[in-house]
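Novice: Just so it is clear, I am handing over model22.csv, which has CSV, C-alpha atoms.
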chain,number,residue,atom,x,y,z
A,179,MET,CA,17.2,64.4,-48.8
A,180,LYS,CA,14.2,62.5,-47.4
A,181,ARG,CA,12.8,63.7,-44.1
A,182,CYS,CA,11.2,61.6,-41.4
A,183,LEU,CA,7.4,61.7,-41.8
A,184,TRP,CA,6.9,61.9,-38.0
A,185,CYS,CA,9.6,64.4,-36.8
A,186,LYS,CA,11.2,65.9,-40.0
A,187,GLN,CA,14.7,64.8,-39.0
A,188,LYS,CA,16.9,63.3,-41.7
A,189,ALA,CA,15.4,59.9,-42.7
A,190,VAL,CA,17.5,56.7,-42.6
A,191,ILE,CA,15.0,54.6,-44.5
A,192,TYR,CA,12.2,55.1,-47.0
A,193,MET,CA,9.9,52.1,-47.1
A,194,ARG,CA,8.2,52.4,-50.5
A,195,GLU,CA,5.7,49.7,-49.7
A,196,HIS,CA,4.4,51.9,-46.8
A,197,ARG,CA,5.3,55.2,-48.5
A,198,LEU,CA,7.0,56.0,-45.2
A,199,ALA,CA,10.3,57.7,-44.4
A,200,LEU,CA,11.6,57.5,-40.9
A,201,CYS,CA,14.6,58.7,-39.0
A,202,LYS,CA,17.0,56.9,-36.7
A,203,ASP,CA,14.9,57.8,-33.6
A,204,CYS,CA,11.4,57.1,-35.0
A,205,TYR,CA,12.2,54.0,-36.9
A,206,PRO,CA,12.8,51.7,-33.9
A,207,LYS,CA,9.5,53.0,-32.4
A,208,TRP,CA,7.6,52.2,-35.5
A,209,PHE,CA,9.3,48.8,-35.7
A,210,LEU,CA,8.3,47.9,-32.1
A,211,ARG,CA,4.7,49.1,-32.7
A,212,MET,CA,4.4,47.0,-35.8
A,213,THR,CA,5.9,43.9,-33.9
A,214,GLU,CA,3.3,44.3,-31.2
A,215,ARG,CA,0.5,44.7,-33.7
A,216,VAL,CA,1.5,41.4,-35.4
A,217,ILE,CA,1.7,39.6,-32.1
A,218,LYS,CA,-1.8,40.8,-31.1
A,219,GLU,CA,-3.4,40.3,-34.6
A,220,TRP,CA,-2.3,36.7,-34.7
A,221,ARG,CA,-2.8,36.1,-31.0
A,222,MET,CA,0.8,34.8,-30.9
A,223,ILE,CA,1.4,35.2,-27.2
A,224,LEU,CA,-1.2,34.6,-24.5
A,225,PRO,CA,-0.8,36.0,-20.9
A,226,ASP,CA,0.3,32.7,-19.4
A,227,ASP,CA,2.8,31.8,-22.2
A,228,LYS,CA,6.4,31.2,-21.3
A,229,ILE,CA,8.5,32.3,-24.3
A,230,LEU,CA,11.7,30.7,-25.6
A,231,VAL,CA,13.4,32.5,-28.5
A,232,ALA,CA,15.4,30.4,-30.9
A,233,VAL,CA,18.7,32.4,-30.9
A,234,SER,CA,21.3,32.0,-33.6
A,235,GLY,CA,23.5,35.1,-33.2
A,236,GLY,CA,22.2,36.6,-36.5
A,237,LYS,CA,20.3,39.9,-36.9
A,238,ASP,CA,16.8,38.3,-36.9
A,239,SER,CA,16.9,36.3,-33.8
A,240,LEU,CA,18.9,38.8,-31.8
A,241,GLY,CA,16.6,41.6,-33.0
A,242,LEU,CA,13.5,39.5,-32.1
A,243,TRP,CA,14.8,38.8,-28.6
A,244,PHE,CA,15.6,42.4,-28.0
A,245,ALA,CA,12.3,43.6,-29.4
A,246,LEU,CA,10.3,41.2,-27.3
A,247,THR,CA,12.0,42.3,-24.1
A,248,GLN,CA,11.6,46.0,-25.1
A,249,LEU,CA,7.9,45.2,-25.4
A,250,GLY,CA,7.8,43.8,-21.9
A,251,TYR,CA,7.7,40.1,-22.7
A,252,GLU,CA,9.8,37.9,-20.4
A,253,ALA,CA,11.5,35.8,-23.1
A,254,ASP,CA,14.5,33.5,-22.6
A,255,GLY,CA,16.8,32.4,-25.4
A,256,LEU,CA,18.2,29.1,-26.5
A,257,TYR,CA,21.3,29.0,-28.5
A,258,LEU,CA,22.2,25.8,-30.3
A,259,ASP,CA,25.9,25.3,-30.9
A,260,LEU,CA,25.8,23.6,-34.3
A,261,GLY,CA,29.5,22.8,-34.3
A,262,ILE,CA,30.3,24.7,-37.5
A,263,SER,CA,34.0,25.2,-37.2
A,264,ALA,CA,34.6,27.0,-40.5
A,265,ASP,CA,35.6,30.6,-39.8
A,266,GLU,CA,34.8,30.0,-36.2
A,267,TYR,CA,31.1,30.5,-37.2
A,268,SER,CA,29.5,28.8,-34.2
A,269,LEU,CA,31.9,30.2,-31.7
A,270,ARG,CA,31.4,33.8,-33.0
A,271,SER,CA,27.6,33.4,-33.2
A,272,LYS,CA,27.5,32.2,-29.6
A,273,ARG,CA,29.5,35.2,-28.4
A,274,PHE,CA,27.1,37.6,-30.0
A,275,SER,CA,24.2,35.8,-28.4
A,276,GLN,CA,25.8,35.9,-25.0
A,277,GLN,CA,26.5,39.6,-25.3
A,278,LEU,CA,22.9,40.4,-25.9
A,279,ALA,CA,21.8,38.1,-23.1
A,280,GLU,CA,24.0,40.1,-20.8
A,281,ARG,CA,22.7,43.4,-22.1
A,282,ILE,CA,19.0,42.5,-21.6
A,283,GLN,CA,19.6,40.5,-18.5
A,284,ARG,CA,17.8,37.4,-19.7
A,285,THR,CA,18.7,33.7,-19.5
A,286,LEU,CA,20.5,32.3,-22.5
A,287,HIS,CA,20.4,28.5,-22.5
A,288,ILE,CA,23.1,26.8,-24.6
A,289,LEU,CA,23.0,23.3,-26.1
A,290,SER,CA,25.7,21.7,-28.1
A,291,VAL,CA,24.5,19.6,-31.0
A,292,SER,CA,27.6,17.4,-30.7
A,293,GLU,CA,26.7,16.6,-27.1
A,294,GLU,CA,23.0,16.0,-27.8
A,295,MET,CA,23.5,14.1,-31.1
A,296,GLY,CA,27.0,12.7,-30.8
A,297,LYS,CA,28.1,14.6,-33.9
A,298,PRO,CA,28.0,18.2,-35.1
A,299,VAL,CA,25.5,19.3,-37.8
A,300,PRO,CA,27.9,19.0,-40.8
A,301,ASP,CA,28.6,15.4,-39.9
A,302,LEU,CA,25.0,14.6,-39.4
A,303,ALA,CA,24.2,16.1,-42.8
A,304,SER,CA,26.9,14.3,-44.7
A,305,SER,CA,26.2,10.9,-43.2
A,306,SER,CA,22.5,11.1,-44.0
A,307,ASN,CA,23.0,12.5,-47.5
A,308,ARG,CA,20.9,15.5,-46.7
A,309,GLU,CA,21.5,19.0,-47.8
A,310,PRO,CA,23.2,20.8,-44.8
A,311,CYS,CA,20.3,23.3,-44.5
A,312,SER,CA,17.7,20.6,-44.5
A,313,ALA,CA,19.6,18.5,-41.8
A,314,CYS,CA,20.3,21.6,-39.8
A,315,GLY,CA,16.6,22.7,-39.9
A,316,ALA,CA,15.4,19.2,-38.8
A,317,VAL,CA,17.9,19.1,-35.9
A,318,LYS,CA,17.1,22.6,-34.8
A,319,ARG,CA,13.3,22.1,-34.8
A,320,TYR,CA,13.7,18.9,-32.9
A,321,LEU,CA,16.1,20.2,-30.2
A,322,PHE,CA,14.2,23.5,-29.7
A,323,ASN,CA,11.0,21.6,-29.2
A,324,LYS,CA,12.5,19.0,-26.9
A,325,PHE,CA,14.3,21.5,-24.8
A,326,ALA,CA,11.3,23.9,-24.5
A,327,LEU,CA,9.0,21.0,-23.5
A,328,GLU,CA,11.4,19.7,-20.9
A,329,HIS,CA,11.8,23.2,-19.4
A,330,GLY,CA,8.2,24.3,-19.2
A,331,TYR,CA,8.2,26.8,-22.1
A,332,THR,CA,4.9,27.0,-24.0
A,333,VAL,CA,5.9,28.9,-27.1
A,334,ILE,CA,8.9,29.0,-29.4
A,335,ALA,CA,9.6,32.3,-31.2
A,336,THR,CA,11.7,32.4,-34.3
A,337,GLY,CA,13.1,35.4,-36.2
A,338,HIS,CA,11.8,34.4,-39.6
A,339,ASN,CA,11.1,37.6,-41.6
A,340,LEU,CA,9.0,38.4,-44.7
A,341,ASP,CA,11.9,37.6,-47.0
A,342,ASP,CA,12.4,34.1,-45.4
A,343,GLU,CA,8.7,33.3,-45.6
A,344,ALA,CA,8.2,34.7,-49.2
A,345,ALA,CA,11.3,32.7,-50.4
A,346,THR,CA,10.1,29.5,-48.7
A,347,LEU,CA,6.6,30.1,-50.2
A,348,MET,CA,8.2,30.6,-53.7
A,349,GLY,CA,10.3,27.4,-53.3
A,350,ASN,CA,7.2,25.4,-52.2
A,351,VAL,CA,5.1,26.8,-55.0
A,352,MET,CA,7.8,26.1,-57.7
A,353,ARG,CA,7.6,22.4,-56.7
A,354,TRP,CA,4.0,22.4,-55.6
A,355,GLN,CA,4.9,21.0,-52.2
A,356,VAL,CA,1.3,21.1,-51.0
A,357,GLY,CA,2.0,19.4,-47.7
A,358,TYR,CA,4.5,22.1,-46.7
A,359,LEU,CA,2.3,24.9,-48.1
A,360,ALA,CA,-0.6,23.7,-45.9
A,361,ARG,CA,1.6,24.4,-42.9
A,362,GLN,CA,3.2,27.7,-43.7
A,363,SER,CA,1.7,30.1,-41.3
A,364,PRO,CA,2.9,32.9,-38.9
A,365,VAL,CA,1.6,30.8,-36.0
A,366,LEU,CA,1.6,27.1,-35.7
A,367,PRO,CA,-0.6,26.0,-32.9
A,368,PRO,CA,0.5,23.3,-30.4
A,369,LYS,CA,-0.2,19.8,-31.4
A,370,ASN,CA,0.5,16.4,-29.9
A,371,GLY,CA,3.8,17.2,-28.4
A,372,LEU,CA,4.8,20.0,-30.8
A,373,LEU,CA,4.8,23.4,-29.1
A,374,LYS,CA,3.3,26.5,-30.5
A,375,ARG,CA,5.7,28.3,-32.9
A,376,ILE,CA,5.4,31.9,-33.7
A,377,LYS,CA,7.1,34.3,-36.2
A,378,PRO,CA,6.5,37.9,-34.9
A,379,PHE,CA,8.8,39.4,-37.7
A,380,ILE,CA,6.8,38.2,-40.7
A,381,ARG,CA,5.8,41.8,-41.5
A,382,PHE,CA,9.4,43.0,-41.9
A,383,THR,CA,11.8,42.6,-44.7
A,384,GLU,CA,15.4,41.5,-43.9
A,385,LYS,CA,16.6,45.0,-44.5
A,386,GLN,CA,14.1,46.4,-42.0
A,387,VAL,CA,15.2,43.9,-39.3
A,388,ALA,CA,18.9,44.6,-40.0
A,389,LEU,CA,18.3,48.3,-39.6
A,390,PHE,CA,16.4,47.8,-36.3
A,391,THR,CA,19.3,45.7,-35.0
A,392,ILE,CA,22.0,48.2,-36.2
A,393,LEU,CA,20.2,51.2,-34.8
A,394,ASN,CA,19.9,49.5,-31.4
A,395,ARG,CA,23.6,48.8,-31.6
A,396,ILE,CA,23.2,45.0,-31.3
A,397,PRO,CA,26.3,43.3,-32.7
A,398,TYR,CA,25.4,40.2,-34.7
A,399,ILE,CA,27.1,37.8,-37.0
A,400,GLU,CA,27.0,39.4,-40.5
A,401,GLN,CA,28.6,36.5,-42.3
A,402,GLU,CA,26.3,33.9,-43.8
A,403,CYS,CA,26.5,30.4,-42.6
A,404,PRO,CA,29.3,28.8,-44.7
A,405,TYR,CA,26.9,26.0,-45.7
A,406,SER,CA,24.2,28.2,-47.0
A,407,VAL,CA,26.3,29.4,-49.9
A,408,GLY,CA,24.4,28.5,-53.0
A,409,ALA,CA,21.2,27.6,-51.1
A,410,SER,CA,18.1,28.0,-53.3
A,411,SER,CA,16.5,30.2,-50.6
A,412,LEU,CA,19.1,32.9,-51.3
A,413,PHE,CA,18.4,32.7,-55.0
A,414,TYR,CA,14.6,33.1,-54.4
A,415,LYS,CA,15.3,36.0,-52.1
A,416,GLU,CA,17.3,37.8,-54.8
A,417,LEU,CA,14.6,37.2,-57.4
A,418,LEU,CA,11.9,38.5,-55.0
A,419,ASN,CA,14.0,41.6,-54.3
A,420,ARG,CA,14.3,42.3,-58.0
A,421,ILE,CA,10.5,42.1,-58.3
A,422,GLU,CA,10.1,44.3,-55.2
A,423,GLU,CA,12.3,47.0,-56.7
A,424,ARG,CA,10.0,47.2,-59.7
A,425,SER,CA,6.8,46.7,-57.8
A,426,PRO,CA,6.9,47.7,-54.1
A,427,GLY,CA,4.7,45.7,-51.8
A,428,THR,CA,4.8,42.5,-53.9
A,429,LYS,CA,6.5,40.4,-51.3
A,430,TRP,CA,4.0,41.2,-48.7
A,431,ALA,CA,1.1,40.7,-51.1
A,432,PHE,CA,2.5,37.4,-52.3
A,433,TYR,CA,2.9,36.1,-48.7
A,434,SER,CA,-0.1,37.7,-46.9
A,435,GLN,CA,-2.6,36.8,-49.6
A,436,PHE,CA,-1.4,33.2,-49.5
A,437,VAL,CA,-1.8,33.0,-45.8
A,438,GLU,CA,-5.2,34.6,-45.8
A,439,GLN,CA,-6.8,33.0,-48.8
A,440,ILE,CA,-5.0,29.9,-49.9
A,441,GLN,CA,-3.4,28.4,-46.8
A,442,PRO,CA,-6.7,27.7,-45.0
A,443,LEU,CA,-8.0,25.8,-48.1
A,444,LEU,CA,-4.9,23.7,-48.2
A,445,ASP,CA,-5.0,23.1,-44.5
A,446,GLU,CA,-8.5,21.7,-44.9
A,447,LYS,CA,-7.7,19.6,-48.0
A,448,PHE,CA,-4.3,18.3,-46.8
A,449,PRO,CA,-4.6,17.7,-43.1
A,450,GLU,CA,-1.4,17.0,-41.2
A,451,PRO,CA,-0.6,13.3,-40.9
A,452,GLU,CA,-1.3,11.9,-37.5
A,453,LEU,CA,1.6,12.3,-35.1
A,454,ARG,CA,2.8,9.6,-32.7
A,455,PRO,CA,5.7,9.3,-30.3
A,456,CYS,CA,9.0,8.2,-31.9
A,457,ALA,CA,9.8,4.6,-30.8
A,458,GLN,CA,13.3,5.8,-29.7
A,459,CYS,CA,13.1,9.3,-28.3
A,460,GLY,CA,9.3,9.7,-27.7
A,461,MET,CA,9.2,13.0,-29.6
A,462,PRO,CA,6.3,13.5,-32.1
A,463,THR,CA,6.8,12.0,-35.6
A,464,THR,CA,4.7,10.6,-38.4
A,465,VAL,CA,6.8,7.5,-38.8
A,466,GLU,CA,8.0,4.7,-36.4
A,467,VAL,CA,11.4,6.3,-35.7
A,468,CYS,CA,11.8,10.1,-36.2
A,469,SER,CA,14.2,11.5,-38.9
A,470,VAL,CA,16.5,13.0,-36.2
A,471,CYS,CA,16.9,9.7,-34.4
A,472,ARG,CA,17.7,8.0,-37.8
A,473,MET,CA,20.2,10.8,-38.6
A,474,LYS,CA,21.8,10.4,-35.2
A,475,GLU,CA,22.0,6.6,-35.6
A,476,ARG,CA,23.6,6.8,-39.1
A,477,ALA,CA,26.1,9.4,-38.2
A,478,ASN,CA,27.3,7.6,-35.1
A,479,LYS,CA,27.5,4.2,-36.9
A,480,LEU,CA,29.3,5.6,-40.0
A,481,VAL,CA,31.9,7.6,-38.1
A,482,PRO,CA,35.0,5.5,-38.9
A,483,GLN,CA,34.3,5.5,-42.6
A,484,LEU,CA,33.5,9.2,-42.8
A,485,GLU,CA,36.2,10.7,-40.8
A,486,GLY,CA,38.7,12.5,-43.0
A,487,GLU,CA,36.8,11.8,-46.2
A,488,GLY,CA,34.0,13.9,-47.4
A,489,SER,CA,33.1,15.4,-44.0
A,490,LEU,CA,31.4,18.7,-44.6
A,491,ARG,CA,33.7,20.3,-42.2
A,492,GLU,CA,36.7,19.8,-44.4
B,258,MET,CA,35.9,56.6,-52.3
B,259,LYS,CA,36.5,53.4,-50.5
B,260,VAL,CA,33.7,50.9,-50.2
B,261,GLU,CA,33.8,47.9,-47.9
B,262,TYR,CA,31.5,45.0,-48.7
B,263,ARG,CA,31.8,41.5,-47.3
B,264,GLY,CA,35.5,41.9,-46.4
B,265,GLN,CA,36.4,43.3,-49.8
B,266,VAL,CA,37.4,46.9,-50.5
B,267,PHE,CA,36.3,48.6,-53.8
B,268,GLU,CA,37.5,52.0,-54.9
B,269,PHE,CA,35.7,54.6,-57.0
B,270,ASP,CA,37.1,57.9,-58.1
B,271,ARG,CA,34.0,60.0,-58.5
B,272,LYS,CA,31.0,61.1,-56.4
B,273,MET,CA,27.8,59.2,-56.9
B,274,ARG,CA,24.4,58.5,-55.3
B,275,VAL,CA,24.0,55.5,-53.0
B,276,LYS,CA,21.7,53.9,-55.5
B,277,ASP,CA,24.3,54.2,-58.2
B,278,LEU,CA,26.9,52.7,-56.0
B,279,LEU,CA,24.6,49.7,-55.4
B,280,GLU,CA,24.0,49.4,-59.0
B,281,LYS,CA,27.7,49.3,-59.8
B,282,LEU,CA,28.1,46.5,-57.2
B,283,ASN,CA,25.1,44.8,-58.7
B,284,LEU,CA,23.3,44.8,-55.3
B,285,SER,CA,19.7,45.4,-54.6
B,286,PRO,CA,18.7,48.4,-52.4
B,287,GLU,CA,16.1,46.1,-51.0
B,288,SER,CA,18.7,43.9,-49.3
B,289,THR,CA,21.5,46.3,-48.4
B,290,ILE,CA,22.2,49.1,-45.9
B,291,VAL,CA,24.9,51.7,-46.7
B,292,VAL,CA,26.7,53.1,-43.7
B,293,ARG,CA,29.1,56.1,-43.5
B,294,GLY,CA,30.7,56.2,-40.1
B,295,ASP,CA,27.7,56.2,-37.8
B,296,GLU,CA,25.4,57.5,-40.4
B,297,ILE,CA,22.9,55.4,-42.3
B,298,LEU,CA,22.3,56.6,-45.8
B,299,THR,CA,19.2,56.4,-48.0
B,300,GLU,CA,19.4,55.6,-51.7
B,301,GLU,CA,19.1,59.2,-52.8
B,302,GLU,CA,22.1,60.5,-50.8
B,303,TRP,CA,25.4,61.5,-52.4
B,304,LEU,CA,28.7,59.9,-51.6
B,305,GLU,CA,31.8,62.1,-52.0
B,306,GLU,CA,35.1,61.0,-53.5
B,307,GLU,CA,36.8,61.1,-50.1
B,308,ASP,CA,34.1,59.1,-48.3
B,309,GLN,CA,34.6,55.7,-46.7
B,310,VAL,CA,31.5,53.6,-46.6
B,311,LYS,CA,30.4,50.1,-45.6
B,312,VAL,CA,27.7,48.2,-47.4
B,313,VAL,CA,26.0,45.8,-45.1
B,314,SER,CA,24.2,42.9,-46.6
B,315,ALA,CA,20.9,42.1,-45.0
B,316,ILE,CA,20.4,38.7,-46.7
B,317,SER,CA,20.9,35.6,-44.8
B,318,GLY,CA,20.4,32.1,-46.0
B,319,GLY,CA,19.8,28.7,-44.7
B,320,MET,CA,16.5,29.0,-42.8
Show the structure stored in the file as structure tokens.

Specialist:
Amino acid sequence: MKRCLWCKQKAVIYMREHRLALCKDCYPKWFLRMTERVIKEWRMILPDDKILVAVSGGKDSLGLWFALTQLGYEADGLYLDLGISADEYSLRSKRFSQQLAERIQRTLHILSVSEEMGKPVPDLASSSNREPCSACGAVKRYLFNKFALEHGYTVIATGHNLDDEAATLMGNVMRWQVGYLARQSPVLPPKNGLLKRIKPFIRFTEKQVALFTILNRIPYIEQECPYSVGASSLFYKELLNRIEERSPGTKWAFYSQFVEQIQPLLDEKFPEPELRPCAQCGMPTTVEVCSVCRMKERANKLVPQLEGEGSLRE
Amino acid sequence: MKVEYRGQVFEFDRKMRVKDLLEKLNLSPESTIVVRGDEILTEEEWLEEEDQVKVVSAISGGM
């Protein structure tokens, strides 16, 4: 039986990449210390920042919100009700988010995508012929940014972890999506109407985040989003975990070396296209009318044809 | 032993280590947490025939 390196109690995790075994009491302390270190190292949060956490009801975002408040940051949450009715996914996710808000005594804002966009995410995706995860991502980024701007927040914190980032990196490398690669970073600075976005959990694997959340007795939605089944990100995560089993530390090396050595070169060579206000909503975009406004327009125009046939909710 | 994983229950009739259980279920120890009651188990620990455990998947998709 492995013993905790710090206090010699029975270990609950052995992190081969750190050669570190920790028990149920020491692990959360290590986790918070590491989170703080990442925040400081990347200058993610400045003293005057007003933080909004993108809360989904999953382990990562709830774990992040909890960790930030434990570290003394006054962070509020925003939950987006995506309108995913399968298995009451959105309803249950919202309940978990509300439970944590109550426990940590912080404000949880709730926005309904159906109210904001006229249709829930599955309908927006089907009418625009986009993959559900792609449409969902675009809507989430848009609404989080818009809400944060309108309510005086200066930074949006998301629960992306090392597995998320390494899988995204792998996907972008496989297709040499240089534009996306140039902007994959733990901190995205504010720019022309886009707020600063930070990812304080980039140093942790999904398992490490899940363990922190479980040990702190934070209930979260364990079920995957019904629309993510078969997503390529899951496949890349599995592949990377198989590599990690054989060679501990590979995921971090893959991601961190990219961020330190390659990303700055790409950033220089492929500057972000100029942003301008969307002609319809005024939010920043690279084209005349932003992709979210176009999605919204199509979904609401196509409603009569789509209802009952081919809706992703069916 | 009874093993719950994503709403399904699997039964095994012999003791084994956590890592062997994960191998039988074709799961990576990098993305799963095995829980017995309130206790979180590491890969090297033994599971007895009468144990009831839950395997929690840490992987989530659709970023």

Novice: Given a cut-off of 6 Å, which residues of chain A touch chain B, counting only C-alpha atoms, written out as a PyMOL selection string?

Specialist: chain A and resi 190-191+311+384-385+388+402+406+412+419

Novice: Rounded to one decimal place, report the atom CA of A:Ser306-atom CA of A:Tyr257 distance in Å.

Specialist: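 Between these atoms lies a distance of 23.7 Å.
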
Novice: Could you tell me how far atom CA of B:Val310 lies from atom CA of B:Leu278, in Å and to one decimal?

Specialist: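 Interatomic distance here is 10.5 Å.
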
Novice: To one decimal place in Å, what is the distance between atom CA of A:Leu286 and atom CA of A:Leu256?

Specialist: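 Separation between atom CA of A:Leu286 and atom CA of A:Leu256: 5.6 Å.
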
Novice: Mind checking which residues fall within 9 Å of A:Gly337, counting only C-alpha atoms, ignoring those fewer than 3 positions away in the same chain, and posting them as a PyMOL selection string?

Specialist: chain A and resi 231-233+237-243+376-380

Novice: So that I can see what lies close to B:Arg271, please list as a ChimeraX atom specification the residues with an atom at most 10 Å from it, counting all atoms listed in the file and leaving out residues fewer than 5 positions away in the same chain.

Specialist: /B:258,304-307

Novice: At a cut-off of 8 Å, using only C-alpha atoms, what residues contact stretch 322-324 of chain A? Leave out same-chain residues fewer than 3 positions from it and give the result as a PyMOL selection string.

Specialist: chain A and resi 232+256+318-319+327-328+334+372-373+461

Novice: List the spatial neighbours of A:Gln441 as an mmCIF file with C-alpha atoms, in the coordinates of the input - criterion: any atom at most 10 Å away, only C-alpha atoms, same-chain residues fewer than 4 positions off excluded.

Specialist:
data_model
loop_
_atom_site.group_PDB
_atom_site.id
_atom_site.type_symbol
_atom_site.label_atom_id
_atom_site.label_comp_id
_atom_site.auth_asym_id
_atom_site.auth_seq_id
_atom_site.Cartn_x
_atom_site.Cartn_y
_atom_site.Cartn_z
ATOM 1 C CA VAL A 356 1.300 21.100 -51.000
ATOM 2 C CA LEU A 359 2.300 24.900 -48.100
ATOM 3 C CA ALA A 360 -0.600 23.700 -45.900
ATOM 4 C CA ARG A 361 1.600 24.400 -42.900
ATOM 5 C CA GLN A 362 3.200 27.700 -43.700
ATOM 6 C CA SER A 363 1.700 30.100 -41.300
ATOM 7 C CA SER A 434 -0.100 37.700 -46.900
ATOM 8 C CA GLN A 435 -2.600 36.800 -49.600
ATOM 9 C CA PHE A 436 -1.400 33.200 -49.500
ATOM 10 C CA VAL A 437 -1.800 33.000 -45.800
ATOM 11 C CA ASP A 445 -5.000 23.100 -44.500
ATOM 12 C CA GLU A 446 -8.500 21.700 -44.900
ATOM 13 C CA LYS A 447 -7.700 19.600 -48.000
#

Novice: Of the residues A:Met473, A:Phe432, A:Glu423, A:Leu198, which is the one nearest to B:Lys276, using all atoms listed in the file?

Specialist: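 Closest candidate: A:Glu423.
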
Novice: Compile the contact shell of A:Asp226 as a short mmCIF file (atom, residue, chain, number, x, y, z; two decimals) with C-alpha atoms, keeping the file's coordinate frame: residues with an atom at most 12 Å away, counting all atoms listed in the file, same-chain residues fewer than 5 positions apart removed.

Specialist:
data_model
loop_
_atom_site.label_atom_id
_atom_site.label_comp_id
_atom_site.auth_asym_id
_atom_site.auth_seq_id
_atom_site.Cartn_x
_atom_site.Cartn_y
_atom_site.Cartn_z
CA TYR A 251 7.70 40.10 -22.70
CA GLU A 252 9.80 37.90 -20.40
CA GLY A 330 8.20 24.30 -19.20
CA TYR A 331 8.20 26.80 -22.10
CA THR A 332 4.90 27.00 -24.00
CA VAL A 333 5.90 28.90 -27.10
#

Novice: Considering all atoms listed in the file, can you say which of A:Met348, A:Ile399, A:Lys188, A:Arg375 comes closest to A:Leu269?

Specialist: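 Closest to A:Leu269 of all the choices is A:Ile399.
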
Novice: Writing N, CA, C and O atoms and nothing else, produce stretch 294-305 of chain B as a PDB file, in the first residue's frame.

Specialist:
ATOM      1  N   GLY B 294     -17.138   2.262  -1.067  1.00  0.00           N
ATOM      2  CA  GLY B 294     -17.790   3.032  -0.003  1.00  0.00           C
ATOM      3  C   GLY B 294     -17.300   4.466  -0.065  1.00  0.00           C
ATOM      4  O   GLY B 294     -17.473   5.136  -1.077  1.00  0.00           O
ATOM      5  N   ASP B 295     -16.645   4.912   1.010  1.00  0.00           N
ATOM      6  CA  ASP B 295     -16.114   6.273   1.059  1.00  0.00           C
ATOM      7  C   ASP B 295     -14.627   6.317   0.727  1.00  0.00           C
ATOM      8  O   ASP B 295     -14.014   7.381   0.732  1.00  0.00           O
ATOM      9  N   GLU B 296     -14.091   5.115   0.472  1.00  0.00           N
ATOM     10  CA  GLU B 296     -12.640   5.006   0.352  1.00  0.00           C
ATOM     11  C   GLU B 296     -12.199   5.050  -1.117  1.00  0.00           C
ATOM     12  O   GLU B 296     -12.759   4.349  -1.960  1.00  0.00           O
ATOM     13  N   ILE B 297     -11.182   5.868  -1.379  1.00  0.00           N
ATOM     14  CA  ILE B 297     -10.654   5.934  -2.751  1.00  0.00           C
ATOM     15  C   ILE B 297      -9.432   5.036  -2.837  1.00  0.00           C
ATOM     16  O   ILE B 297      -8.545   5.088  -1.978  1.00  0.00           O
ATOM     17  N   LEU B 298      -9.420   4.191  -3.852  1.00  0.00           N
ATOM     18  CA  LEU B 298      -8.386   3.150  -3.936  1.00  0.00           C
ATOM     19  C   LEU B 298      -7.338   3.479  -4.994  1.00  0.00           C
ATOM     20  O   LEU B 298      -7.662   4.019  -6.054  1.00  0.00           O
ATOM     21  N   THR B 299      -6.099   3.111  -4.702  1.00  0.00           N
ATOM     22  CA  THR B 299      -5.048   3.279  -5.709  1.00  0.00           C
ATOM     23  C   THR B 299      -4.938   1.977  -6.516  1.00  0.00           C
ATOM     24  O   THR B 299      -5.477   0.942  -6.130  1.00  0.00           O
ATOM     25  N   GLU B 300      -4.202   2.058  -7.608  1.00  0.00           N
ATOM     26  CA  GLU B 300      -4.096   0.923  -8.541  1.00  0.00           C
ATOM     27  C   GLU B 300      -3.579  -0.374  -7.916  1.00  0.00           C
ATOM     28  O   GLU B 300      -3.936  -1.458  -8.342  1.00  0.00           O
ATOM     29  N   GLU B 301      -2.733  -0.236  -6.900  1.00  0.00           N
ATOM     30  CA  GLU B 301      -2.086  -1.420  -6.327  1.00  0.00           C
ATOM     31  C   GLU B 301      -2.960  -2.148  -5.311  1.00  0.00           C
ATOM     32  O   GLU B 301      -2.655  -3.264  -4.916  1.00  0.00           O
ATOM     33  N   GLU B 302      -4.049  -1.517  -4.881  1.00  0.00           N
ATOM     34  CA  GLU B 302      -4.832  -2.126  -3.798  1.00  0.00           C
ATOM     35  C   GLU B 302      -5.648  -3.321  -4.275  1.00  0.00           C
ATOM     36  O   GLU B 302      -6.030  -3.413  -5.433  1.00  0.00           O
ATOM     37  N   TRP B 303      -5.917  -4.224  -3.303  1.00  0.00           N
ATOM     38  CA  TRP B 303      -6.657  -5.447  -3.614  1.00  0.00           C
ATOM     39  C   TRP B 303      -8.149  -5.252  -3.393  1.00  0.00           C
ATOM     40  O   TRP B 303      -8.567  -4.588  -2.446  1.00  0.00           O
ATOM     41  N   LEU B 304      -8.921  -5.877  -4.269  1.00  0.00           N
ATOM     42  CA  LEU B 304     -10.378  -5.903  -4.108  1.00  0.00           C
ATOM     43  C   LEU B 304     -10.758  -7.329  -3.736  1.00  0.00           C
ATOM     44  O   LEU B 304     -10.294  -8.284  -4.366  1.00  0.00           O
ATOM     45  N   GLU B 305     -11.609  -7.466  -2.724  1.00  0.00           N
ATOM     46  CA  GLU B 305     -12.019  -8.801  -2.277  1.00  0.00           C
ATOM     47  C   GLU B 305     -13.294  -9.220  -3.005  1.00  0.00           C
ATOM     48  O   GLU B 305     -14.022  -8.374  -3.540  1.00  0.00           O
TER      49      GLU B 305
END
